[in-house]
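work02.txt (compact mmCIF, C-alpha atoms (C1' of nucleotides))
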```txt
# COMPACT_ATOMS: atom_id res chain seq x y z
CA MET E 1 14.10 -31.65 2.20
CA ASN E 2 14.12 -29.62 -0.99
CA THR E 3 16.11 -26.63 -2.13
CA GLU E 4 13.86 -23.93 -0.70
CA GLU E 5 13.82 -25.56 2.69
CA ARG E 6 17.56 -25.91 2.73
CA THR E 7 17.96 -22.28 1.73
CA PHE E 8 15.56 -21.12 4.41
CA GLU E 9 17.08 -23.28 7.11
CA ARG E 10 20.57 -22.12 6.26
CA TYR E 11 19.42 -18.52 6.39
CA LEU E 12 17.67 -18.94 9.72
CA ARG E 13 20.64 -20.63 11.33
CA SER E 14 22.97 -17.95 10.03
CA GLN E 15 20.84 -15.45 11.93
CA GLY E 16 20.62 -17.49 15.11
CA LEU E 17 16.96 -18.23 14.39
CA LYS E 18 15.12 -21.52 14.50
CA PHE E 19 13.57 -23.64 11.77
CA THR E 20 10.24 -24.28 13.47
CA VAL E 21 7.28 -26.35 12.33
CA GLN E 22 5.31 -23.19 11.59
CA ARG E 23 8.04 -21.69 9.47
CA LYS E 24 8.28 -24.92 7.50
CA LEU E 25 4.51 -24.99 6.92
CA ILE E 26 4.50 -21.41 5.74
CA LEU E 27 7.40 -22.04 3.39
CA ARG E 28 5.60 -25.02 1.88
CA LYS E 29 2.36 -23.14 1.48
CA VAL E 30 4.15 -20.25 -0.18
CA PHE E 31 5.72 -22.60 -2.69
CA ALA E 32 2.40 -24.27 -3.33
CA MET E 33 0.81 -20.93 -4.28
CA HIS E 34 0.41 -20.09 -7.92
CA ASP E 35 1.02 -16.55 -8.98
CA HIS E 36 0.78 -13.84 -6.41
CA PHE E 37 -0.57 -13.99 -2.91
CA GLU E 38 -1.25 -11.85 0.12
CA ALA E 39 -0.36 -12.56 3.71
CA ASP E 40 -3.98 -13.11 4.48
CA ASP E 41 -4.37 -15.72 1.74
CA LEU E 42 -1.94 -17.94 3.62
CA ALA E 43 -3.58 -17.42 6.98
CA THR E 44 -6.97 -18.20 5.49
CA GLU E 45 -5.76 -21.41 3.85
CA PHE E 46 -4.26 -22.65 7.08
CA ARG E 47 -7.52 -21.93 8.83
CA LEU E 48 -9.50 -23.82 6.18
CA GLU E 49 -7.18 -26.80 6.47
CA GLY E 50 -7.71 -26.77 10.20
CA LYS E 51 -4.04 -26.08 10.82
CA LYS E 52 -3.46 -23.83 13.78
CA LEU E 53 -1.16 -21.13 12.57
CA SER E 54 -1.82 -17.58 13.59
CA ARG E 55 -1.90 -14.56 11.36
CA ALA E 56 0.81 -13.05 13.51
CA THR E 57 3.19 -15.88 12.66
CA VAL E 58 2.50 -15.50 8.96
CA TYR E 59 3.16 -11.77 9.19
CA ARG E 60 6.35 -12.44 11.11
CA THR E 61 7.60 -15.09 8.70
CA LEU E 62 7.06 -13.45 5.32
CA PRO E 63 9.74 -10.79 5.91
CA LEU E 64 12.20 -13.56 6.71
CA LEU E 65 11.46 -15.21 3.38
CA VAL E 66 11.95 -11.88 1.65
CA GLN E 67 15.24 -11.32 3.44
CA CYS E 68 16.65 -14.66 2.37
CA GLY E 69 15.56 -14.02 -1.21
CA LEU E 70 12.98 -16.78 -1.60
CA ILE E 71 10.10 -14.40 -2.24
CA ARG E 72 9.73 -10.75 -3.14
CA GLU E 73 7.17 -8.15 -2.34
CA VAL E 74 5.30 -6.70 -5.30
CA GLN E 75 3.08 -3.65 -5.48
CA PHE E 76 -0.24 -3.72 -7.23
CA GLY E 77 -1.36 -0.24 -6.36
CA GLU E 78 -3.54 -1.50 -3.57
CA ASN E 79 -2.51 -0.37 -0.17
CA HIS E 80 -1.40 -3.73 1.10
CA ALA E 81 1.42 -6.13 0.35
CA HIS E 82 1.49 -8.82 -2.33
CA TYR E 83 4.19 -11.43 -2.71
CA GLU E 84 5.51 -13.82 -5.31
CA GLN E 85 8.13 -16.55 -5.45
CA THR E 86 11.50 -15.69 -6.88
CA MET E 87 12.88 -19.19 -7.53
CA GLY E 88 12.18 -20.56 -10.94
CA HIS E 89 10.70 -17.21 -11.85
CA GLN E 90 13.16 -14.96 -13.60
CA HIS E 91 12.73 -11.27 -12.93
CA HIS E 92 9.66 -9.89 -14.58
CA ASP E 93 7.24 -7.01 -14.39
CA HIS E 94 3.45 -6.77 -14.43
CA LEU E 95 0.70 -5.63 -16.72
CA ILE E 96 -2.51 -5.13 -14.78
CA CYS E 97 -5.95 -4.78 -16.27
CA VAL E 98 -7.72 -1.92 -14.55
CA THR E 99 -11.09 -3.39 -15.39
CA CYS E 100 -10.96 -7.09 -14.56
CA GLY E 101 -7.80 -7.11 -12.44
CA LYS E 102 -6.01 -9.66 -14.59
CA VAL E 103 -2.23 -9.68 -14.09
CA VAL E 104 0.11 -10.60 -16.93
CA GLU E 105 3.80 -11.10 -16.32
CA PHE E 106 6.31 -9.96 -18.87
CA CYS E 107 10.03 -9.62 -19.17
CA ASP E 108 11.85 -7.14 -21.34
CA ASP E 109 15.62 -7.08 -21.40
CA SER E 110 15.77 -3.70 -23.13
CA ILE E 111 13.79 -2.09 -20.34
CA GLU E 112 16.05 -3.73 -17.77
CA GLN E 113 19.09 -2.38 -19.56
CA LEU E 114 17.67 1.12 -19.71
CA GLN E 115 16.97 1.00 -16.00
CA ASP E 116 20.61 0.19 -15.36
CA ASP E 117 21.52 3.19 -17.49
CA VAL E 118 19.16 5.47 -15.56
CA CYS E 119 20.73 4.37 -12.30
CA ALA E 120 24.22 4.94 -13.59
CA LYS E 121 23.27 8.40 -14.82
CA HIS E 122 21.97 9.40 -11.38
CA GLY E 123 24.76 7.78 -9.42
CA PHE E 124 22.46 5.14 -7.93
CA GLN E 125 23.49 1.63 -7.08
CA LEU E 126 20.54 -0.44 -8.26
CA GLU E 127 18.98 -2.78 -5.77
CA SER E 128 15.57 -3.64 -7.20
CA HIS E 129 12.89 -2.19 -9.38
CA SER E 130 9.27 -2.71 -10.13
CA LEU E 131 7.44 -1.67 -13.23
CA GLU E 132 3.70 -1.81 -13.12
CA ILE E 133 1.74 -0.99 -16.24
CA LYS E 134 -1.97 -0.48 -15.96
CA GLY E 135 -4.35 -0.65 -18.87
CA TYR E 136 -7.21 -2.54 -20.43
CA CYS E 137 -6.70 -6.14 -21.45
CA ASN E 138 -7.81 -7.29 -24.86
CA HIS E 139 -11.01 -8.76 -23.54
CA CYS E 140 -12.12 -5.76 -21.52
CA TRP E 141 -11.07 -3.29 -24.18
CA LYS E 142 -13.24 -5.00 -26.77
CA ARG E 143 -16.16 -5.04 -24.41
CA ILE E 144 -15.74 -1.36 -23.71
CA CYS E 145 -15.53 -0.49 -27.37
CA SER E 146 -18.52 -2.57 -28.36
CA SER E 147 -20.81 -1.36 -25.61
CA ALA E 148 -19.66 1.82 -23.99
CA SER E 149 -22.80 1.86 -21.90
CA SER E 150 -22.49 -1.43 -20.04
CA VAL E 151 -18.94 -1.79 -18.83
CA SER E 152 -18.23 -4.52 -16.32
CA THR E 153 -15.95 -3.32 -13.59
CA ARG E 154 -13.64 -5.25 -11.36
CA ASP E 155 -16.27 -4.92 -8.66
CA ASP E 156 -18.80 -6.56 -10.91
CA GLU E 157 -16.38 -9.38 -11.62
CA GLU E 158 -15.86 -9.92 -7.93
CA ARG E 159 -19.53 -9.84 -7.19
CA ALA E 160 -20.07 -12.44 -9.90
CA ARG E 161 -17.84 -15.02 -8.16
CA MET X 1 -9.64 31.61 -10.69
CA ASN X 2 -6.73 29.74 -12.24
CA THR X 3 -6.52 26.80 -14.57
CA GLU X 4 -6.61 24.04 -11.96
CA GLU X 5 -9.65 25.52 -10.31
CA ARG X 6 -11.45 25.85 -13.58
CA THR X 7 -10.61 22.27 -14.47
CA PHE X 8 -11.79 21.00 -11.12
CA GLU X 9 -14.97 23.03 -11.15
CA ARG X 10 -15.81 21.89 -14.65
CA TYR X 11 -15.25 18.29 -13.63
CA LEU X 12 -17.38 18.59 -10.52
CA ARG X 13 -20.27 20.18 -12.36
CA SER X 14 -20.08 17.55 -15.07
CA GLN X 15 -20.67 14.98 -12.33
CA GLY X 16 -23.44 16.87 -10.64
CA LEU X 17 -21.13 17.67 -7.72
CA LYS X 18 -20.49 20.96 -6.00
CA PHE X 19 -17.45 23.21 -5.87
CA THR X 20 -17.40 23.79 -2.13
CA VAL X 21 -15.10 25.92 -0.02
CA GLN X 22 -13.42 22.81 1.34
CA ARG X 23 -12.75 21.40 -2.10
CA LYS X 24 -11.25 24.69 -3.19
CA LEU X 25 -8.99 24.82 -0.12
CA ILE X 26 -7.79 21.27 -0.72
CA LEU X 27 -7.10 21.99 -4.37
CA ARG X 28 -5.05 25.05 -3.44
CA LYS X 29 -3.11 23.21 -0.80
CA VAL X 30 -2.35 20.38 -3.20
CA PHE X 31 -0.98 22.82 -5.73
CA ALA X 32 1.08 24.53 -3.06
CA MET X 33 2.80 21.25 -2.14
CA HIS X 34 6.24 20.57 -3.49
CA ASP X 35 7.03 17.06 -4.57
CA HIS X 36 4.96 14.24 -3.22
CA PHE X 37 2.49 14.25 -0.40
CA GLU X 38 0.21 11.98 1.55
CA ALA X 39 -3.40 12.54 2.47
CA ASP X 40 -2.40 13.06 6.04
CA ASP X 41 0.10 15.79 5.15
CA LEU X 42 -2.77 17.91 3.92
CA ALA X 43 -4.96 17.28 6.93
CA THR X 44 -2.09 18.14 9.25
CA GLU X 45 -1.32 21.41 7.46
CA PHE X 46 -4.93 22.49 7.66
CA ARG X 47 -4.94 21.73 11.34
CA LEU X 48 -1.73 23.73 11.89
CA GLU X 49 -3.20 26.69 10.02
CA GLY X 50 -6.23 26.51 12.23
CA LYS X 51 -8.48 25.77 9.29
CA LYS X 52 -11.27 23.40 10.11
CA LEU X 53 -11.16 20.72 7.47
CA SER X 54 -11.62 17.14 8.47
CA ARG X 55 -9.49 14.22 7.44
CA ALA X 56 -12.60 12.60 6.02
CA THR X 57 -13.07 15.45 3.58
CA VAL X 58 -9.47 15.24 2.45
CA TYR X 59 -9.82 11.51 1.91
CA ARG X 60 -13.04 12.08 0.01
CA THR X 61 -11.62 14.82 -2.18
CA LEU X 62 -8.31 13.33 -3.32
CA PRO X 63 -9.97 10.63 -5.45
CA LEU X 64 -11.94 13.36 -7.19
CA LEU X 65 -8.73 15.16 -8.07
CA VAL X 66 -7.29 11.91 -9.37
CA GLN X 67 -10.40 11.26 -11.45
CA CYS X 68 -10.23 14.63 -13.14
CA GLY X 69 -6.55 14.16 -13.85
CA LEU X 70 -5.11 16.95 -11.72
CA ILE X 71 -3.09 14.62 -9.51
CA ARG X 72 -1.98 11.03 -9.70
CA GLU X 73 -1.38 8.39 -7.11
CA VAL X 74 2.16 7.08 -6.85
CA GLN X 75 3.44 4.03 -5.03
CA PHE X 76 6.57 4.15 -2.95
CA GLY X 77 6.42 0.63 -1.64
CA GLU X 78 4.93 1.75 1.63
CA ASN X 79 1.47 0.47 2.25
CA HIS X 80 -0.28 3.79 1.95
CA ALA X 81 -1.00 6.25 -0.82
CA HIS X 82 1.23 9.04 -2.07
CA TYR X 83 0.20 11.68 -4.58
CA GLU X 84 1.80 14.17 -6.90
CA GLN X 85 0.58 16.91 -9.22
CA THR X 86 0.31 16.13 -12.88
CA MET X 87 0.06 19.64 -14.34
CA GLY X 88 3.35 21.25 -15.26
CA HIS X 89 5.04 17.99 -14.40
CA GLN X 90 5.62 15.82 -17.42
CA HIS X 91 5.35 12.11 -16.82
CA HIS X 92 8.29 10.77 -14.90
CA ASP X 93 9.31 7.84 -12.76
CA HIS X 94 11.11 7.53 -9.44
CA LEU X 95 14.46 6.43 -8.11
CA ILE X 96 14.22 5.78 -4.39
CA CYS X 97 17.17 5.43 -2.04
CA VAL X 98 16.54 2.45 0.21
CA THR X 99 18.82 3.90 2.86
CA CYS X 100 17.92 7.56 3.27
CA GLY X 101 14.57 7.54 1.48
CA LYS X 102 15.56 10.23 -1.02
CA VAL X 103 13.36 10.30 -4.12
CA VAL X 104 14.76 11.39 -7.48
CA GLU X 105 12.49 11.93 -10.46
CA PHE X 106 13.63 10.96 -13.90
CA CYS X 107 12.17 10.72 -17.34
CA ASP X 108 13.32 8.37 -20.04
CA ASP X 109 11.61 8.39 -23.41
CA SER X 110 13.16 5.10 -24.47
CA ILE X 111 11.65 3.33 -21.48
CA GLU X 112 8.28 4.93 -22.22
CA GLN X 113 8.49 3.72 -25.80
CA LEU X 114 9.37 0.18 -24.73
CA GLN X 115 6.40 0.15 -22.38
CA ASP X 116 4.13 1.03 -25.28
CA ASP X 117 5.65 -1.87 -27.18
CA VAL X 118 5.08 -4.27 -24.30
CA CYS X 119 1.44 -3.26 -24.14
CA ALA X 120 0.98 -3.70 -27.83
CA LYS X 121 2.58 -7.13 -27.69
CA HIS X 122 0.16 -8.28 -25.01
CA GLY X 123 -2.90 -6.65 -26.50
CA PHE X 124 -3.21 -4.15 -23.69
CA GLN X 125 -4.52 -0.63 -24.06
CA LEU X 126 -2.13 1.39 -21.90
CA GLU X 127 -3.66 3.59 -19.27
CA SER X 128 -0.83 4.41 -16.89
CA HIS X 129 2.38 2.99 -15.58
CA SER X 130 4.74 3.44 -12.73
CA LEU X 131 8.33 2.48 -12.60
CA GLU X 132 9.97 2.52 -9.24
CA ILE X 133 13.67 1.80 -8.99
CA LYS X 134 15.16 1.20 -5.59
CA GLY X 135 18.83 1.44 -4.82
CA TYR X 136 21.48 3.34 -2.94
CA CYS X 137 22.05 7.00 -3.74
CA ASN X 138 25.56 8.23 -4.28
CA HIS X 139 25.84 9.61 -0.79
CA CYS X 140 24.63 6.49 1.00
CA TRP X 141 26.59 4.16 -1.23
CA LYS X 142 29.84 5.95 -0.43
CA ARG X 143 29.11 5.82 3.24
CA ILE X 144 28.38 2.12 3.05
CA CYS X 145 31.57 1.42 1.14
CA SER X 146 33.77 3.50 3.41
CA SER X 147 32.43 2.12 6.67
CA ALA X 148 30.65 -1.16 6.23
CA SER X 149 30.26 -1.44 9.99
CA SER X 150 28.32 1.76 10.74
CA VAL X 151 25.61 2.08 8.14
CA SER X 152 22.95 4.68 8.78
CA THR X 153 19.52 3.36 7.97
CA ARG X 154 16.40 5.22 7.06
CA ASP X 155 15.25 4.64 10.62
CA ASP X 156 18.37 6.31 11.91
CA GLU X 157 17.78 9.25 9.59
CA GLU X 158 14.27 9.61 10.89
CA ARG X 159 15.34 9.36 14.47
CA ALA X 160 17.93 12.07 13.82
CA ARG X 161 15.29 14.62 12.80
C1' DG P 1 -36.10 23.48 -0.75
C1' DT P 2 -33.59 19.36 -2.66
C1' DG P 3 -29.62 17.08 -2.80
C1' DC P 4 -24.86 17.00 -2.24
C1' DT P 5 -21.28 17.75 1.64
C1' DT P 6 -19.36 18.10 5.84
C1' DG P 7 -17.61 16.69 10.47
C1' DC P 8 -17.60 13.52 13.82
C1' DA P 9 -16.79 9.24 15.59
C1' DA P 10 -16.97 4.63 14.95
C1' DA P 11 -15.74 0.98 11.94
C1' DC P 12 -12.59 -1.14 8.83
C1' DC P 13 -8.62 -3.40 6.92
C1' DC P 14 -3.97 -4.69 7.09
C1' DT P 15 -0.18 -5.10 10.05
C1' DT P 16 2.54 -4.93 14.32
C1' DT P 17 3.41 -5.81 19.13
C1' DG P 18 3.48 -7.10 24.41
C1' DC P 19 3.16 -10.85 26.97
C1' DA P 20 2.96 -15.36 29.02
C1' DA P 21 3.20 -20.12 27.61
C1' DG P 22 5.54 -23.35 24.60
C1' DA P 23 9.12 -25.13 21.38
C1' DT P 24 14.02 -25.56 19.77
C1' DG P 25 18.86 -26.54 19.74
C1' DC B 1 17.86 -24.73 30.12
C1' DA B 2 18.69 -20.37 27.68
C1' DT B 3 16.74 -18.51 23.89
C1' DC B 4 13.81 -17.98 20.30
C1' DT B 5 8.92 -18.55 18.87
C1' DT B 6 4.17 -18.87 19.15
C1' DG B 7 -0.78 -17.44 19.84
C1' DC B 8 -3.67 -14.36 21.61
C1' DA B 9 -5.66 -10.15 21.89
C1' DA B 10 -4.96 -5.44 21.92
C1' DA B 11 -2.99 -1.57 19.63
C1' DG B 12 -1.49 0.70 15.62
C1' DG B 13 -1.56 3.15 11.21
C1' DG B 14 -4.17 4.56 7.11
C1' DT B 15 -8.66 4.83 5.16
C1' DT B 16 -13.75 4.46 4.80
C1' DT B 17 -18.42 5.13 6.26
C1' DG B 18 -23.21 6.15 8.68
C1' DC B 19 -25.48 9.78 10.21
C1' DA B 20 -27.39 14.21 11.39
C1' DA B 21 -26.49 18.98 10.60
C1' DG B 22 -25.03 22.33 7.13
C1' DC B 23 -24.34 24.33 2.43
C1' DA B 24 -24.74 25.02 -2.59
C1' DC B 25 -27.49 25.69 -6.39
```

Starting from the coordinates I provided, produce the structure as structure tokens.
Amino acid sequence: MNTEERTFERYLRSQGLKFTVQRKLILRKVFAMHDHFEADDLATEFRLEGKKLSRATVYRTLPLLVQCGLIREVQFGENHAHYEQTMGHQHHDHLICVTCGKVVEFCDDSIEQLQDDVCAKHGFQLESHSLEIKGYCNHCWKRICSSASSVSTRDDEERAR
Amino acid sequence: MNTEERTFERYLRSQGLKFTVQRKLILRKVFAMHDHFEADDLATEFRLEGKKLSRATVYRTLPLLVQCGLIREVQFGENHAHYEQTMGHQHHDHLICVTCGKVVEFCDDSIEQLQDDVCAKHGFQLESHSLEIKGYCNHCWKRICSSASSVSTRDDEERAR
DNA sequence: GTGCTTGCAAACCCTTTGCAAGATG
DNA sequence: CATCTTGCAAAGGGTTTGCAAGCAC
């Protein structure tokens, strides 16, 4: 059993909850995901692998993983939840390309520091923060500049897959 | 006709769209709102005033107002959209109390500058950004510290209304 | 008139929940 | 064996959409 599993099990027991097969499978899948994922991504993968694990269980388990600090919820401006691992990933924020949807992670200590200052100034006790910058990535920006008439949108990209 | 209306009308015409009664009513209501609002807030107000204006029309109109720059969408970590006016409101970000839900607006030029730098470093062309800091407001933090056993949650606050 | 808009209701997506059957400690 | 958990399917919010009737230009 690895670190995440021990952390999760300890958390569950501390709450009088049980470390079930399903919860273990979800934990493993979450830690096998690269980058960001949605609740539905997990459910779909389980279905594809032929593992019986209902959407409801996924939706019930993710908040537990958030509560014990193994994952965090991130906002990408869409009206549904996205998650990412916290372990082995220091805190970071996201740059999102509004054209192709590409997400770039970045970390900036100065910004973090200034956020602490803002909190202090307004008498807030900081708990978490999320900074989401939207713009055009290098690739898309060049394409827009070179041919303003035929811009590929995120929809086009998705259709192309 | 005031500035917002002229802006909206000009935008609509430029797109071959029409400046209907409903669109004018929604625009006015939006500019009569204080702070932040949700699509449903508008629909509900119209209903209360006895004005016939369907939810569908509100949902169809808000994106138009975003596209012409009169309002912007803001994320508060809930899985549905919130909006705020842009005119007369310089760019700002939000501090959100995780306990009582209070939202405080703030503006920090240094943070803005650093965001520009981050974009430049990653070859992004900045389009917009949103910084959302969650924490405990002064009031809630004191209450938590003084009585760790009886913390009022946002749910409690809502129930109390 | 032509074409964009509206209202309605149904559909949609993401998420939550009640319940009876099944697992866990 | 008491309790927590699961899967199912139904319900729940917020949002979108097809369609026929209604307006704007």

Could you state the separation of CA of Asn2 in chain E and CA of Leu17 in chain E in Å, given to one decimal place? 19.3 Å

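Every protein or nucleic acid residue with an atom no more than 8 Å from range 40-43 of chain E, counting all atoms listed in the file and leaving out same-chain residues fewer than 4 positions away, appears here: Ile26, Lys29, Val30, Arg47, Leu53, Ser54, Arg55 and Val58 of chain E.
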
Closest contacts (chain B/chain E, max 10 Å, all atoms listed in the file) as a tab-separated table:
```
residue	atom	partner	partner_atom	distance
B:DT3	C1'	E:Leu17	CA	9.5
B:DC4	C1'	E:Leu17	CA	6.7
B:DT5	C1'	E:Thr20	CA	8.0
B:DT6	C1'	E:Thr57	CA	7.2
B:DG7	C1'	E:Ser54	CA	6.3
B:DC8	C1'	E:Ser54	CA	8.8
B:DG14	C1'	E:Asn79	CA	8.9
B:DT15	C1'	E:Asn79	CA	9.7
```

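In this model, the gap between CA of Leu62 in chain X and CA of His129 in chain E comes to 27.0 Å.
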
Within 7 Å of chain X: each chain E residue with its shortest pair, all atoms listed in the file, as JSON lines:
```
{"residue": "E:Gln75", "atom": "CA", "partner": "X:Gly77", "partner_atom": "CA", "distance": 6.6}
{"residue": "E:Gly77", "atom": "CA", "partner": "X:Gln75", "partner_atom": "CA", "distance": 6.6}
{"residue": "E:Asn79", "atom": "CA", "partner": "X:Asn79", "partner_atom": "CA", "distance": 4.7}
{"residue": "E:His80", "atom": "CA", "partner": "X:Asn79", "partner_atom": "CA", "distance": 5.2}
{"residue": "E:Ala81", "atom": "CA", "partner": "X:Asn79", "partner_atom": "CA", "distance": 6.9}
{"residue": "E:Ile111", "atom": "CA", "partner": "X:Ile111", "partner_atom": "CA", "distance": 5.9}
{"residue": "E:Leu114", "atom": "CA", "partner": "X:Ile111", "partner_atom": "CA", "distance": 6.7}
{"residue": "E:Gly123", "atom": "CA", "partner": "X:Asn138", "partner_atom": "CA", "distance": 5.2}
{"residue": "E:Phe124", "atom": "CA", "partner": "X:Cys137", "partner_atom": "CA", "distance": 4.6}
{"residue": "E:Gln125", "atom": "CA", "partner": "X:Tyr136", "partner_atom": "CA", "distance": 4.9}
{"residue": "E:Leu126", "atom": "CA", "partner": "X:Gly135", "partner_atom": "CA", "distance": 4.3}
{"residue": "E:Glu127", "atom": "CA", "partner": "X:Gly135", "partner_atom": "CA", "distance": 4.3}
{"residue": "E:Ser128", "atom": "CA", "partner": "X:Lys134", "partner_atom": "CA", "distance": 5.1}
{"residue": "E:His129", "atom": "CA", "partner": "X:Ile133", "partner_atom": "CA", "distance": 4.1}
{"residue": "E:Ser130", "atom": "CA", "partner": "X:Glu132", "partner_atom": "CA", "distance": 5.4}
{"residue": "E:Leu131", "atom": "CA", "partner": "X:Leu131", "partner_atom": "CA", "distance": 4.3}
{"residue": "E:Glu132", "atom": "CA", "partner": "X:Ser130", "partner_atom": "CA", "distance": 5.4}
{"residue": "E:Ile133", "atom": "CA", "partner": "X:His129", "partner_atom": "CA", "distance": 4.1}
{"residue": "E:Lys134", "atom": "CA", "partner": "X:Ser128", "partner_atom": "CA", "distance": 5.1}
{"residue": "E:Gly135", "atom": "CA", "partner": "X:Leu126", "partner_atom": "CA", "distance": 4.3}
{"residue": "E:Tyr136", "atom": "CA", "partner": "X:Gln125", "partner_atom": "CA", "distance": 4.9}
{"residue": "E:Cys137", "atom": "CA", "partner": "X:Phe124", "partner_atom": "CA", "distance": 4.6}
{"residue": "E:Asn138", "atom": "CA", "partner": "X:Gly123", "partner_atom": "CA", "distance": 5.2}
```

Got a sec to pull out which chain P residues are within 8 Å of chain E, counting all atoms listed in the file, and send them as an MDAnalysis selection string? chainID P and resid 14:15 24

Can you pull out every residue within 12 Å of Met87 in chain X, counting all atoms listed in the file, but drop anything in the same chain fewer than 6 positions away, and send it as a VMD selection string? chain X and resid 3 to 4 7 30 to 31 65 to 66 68 to 72

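Note that CA of Asp117 in chain X and CA of Val103 in chain E are 17.2 Å apart.
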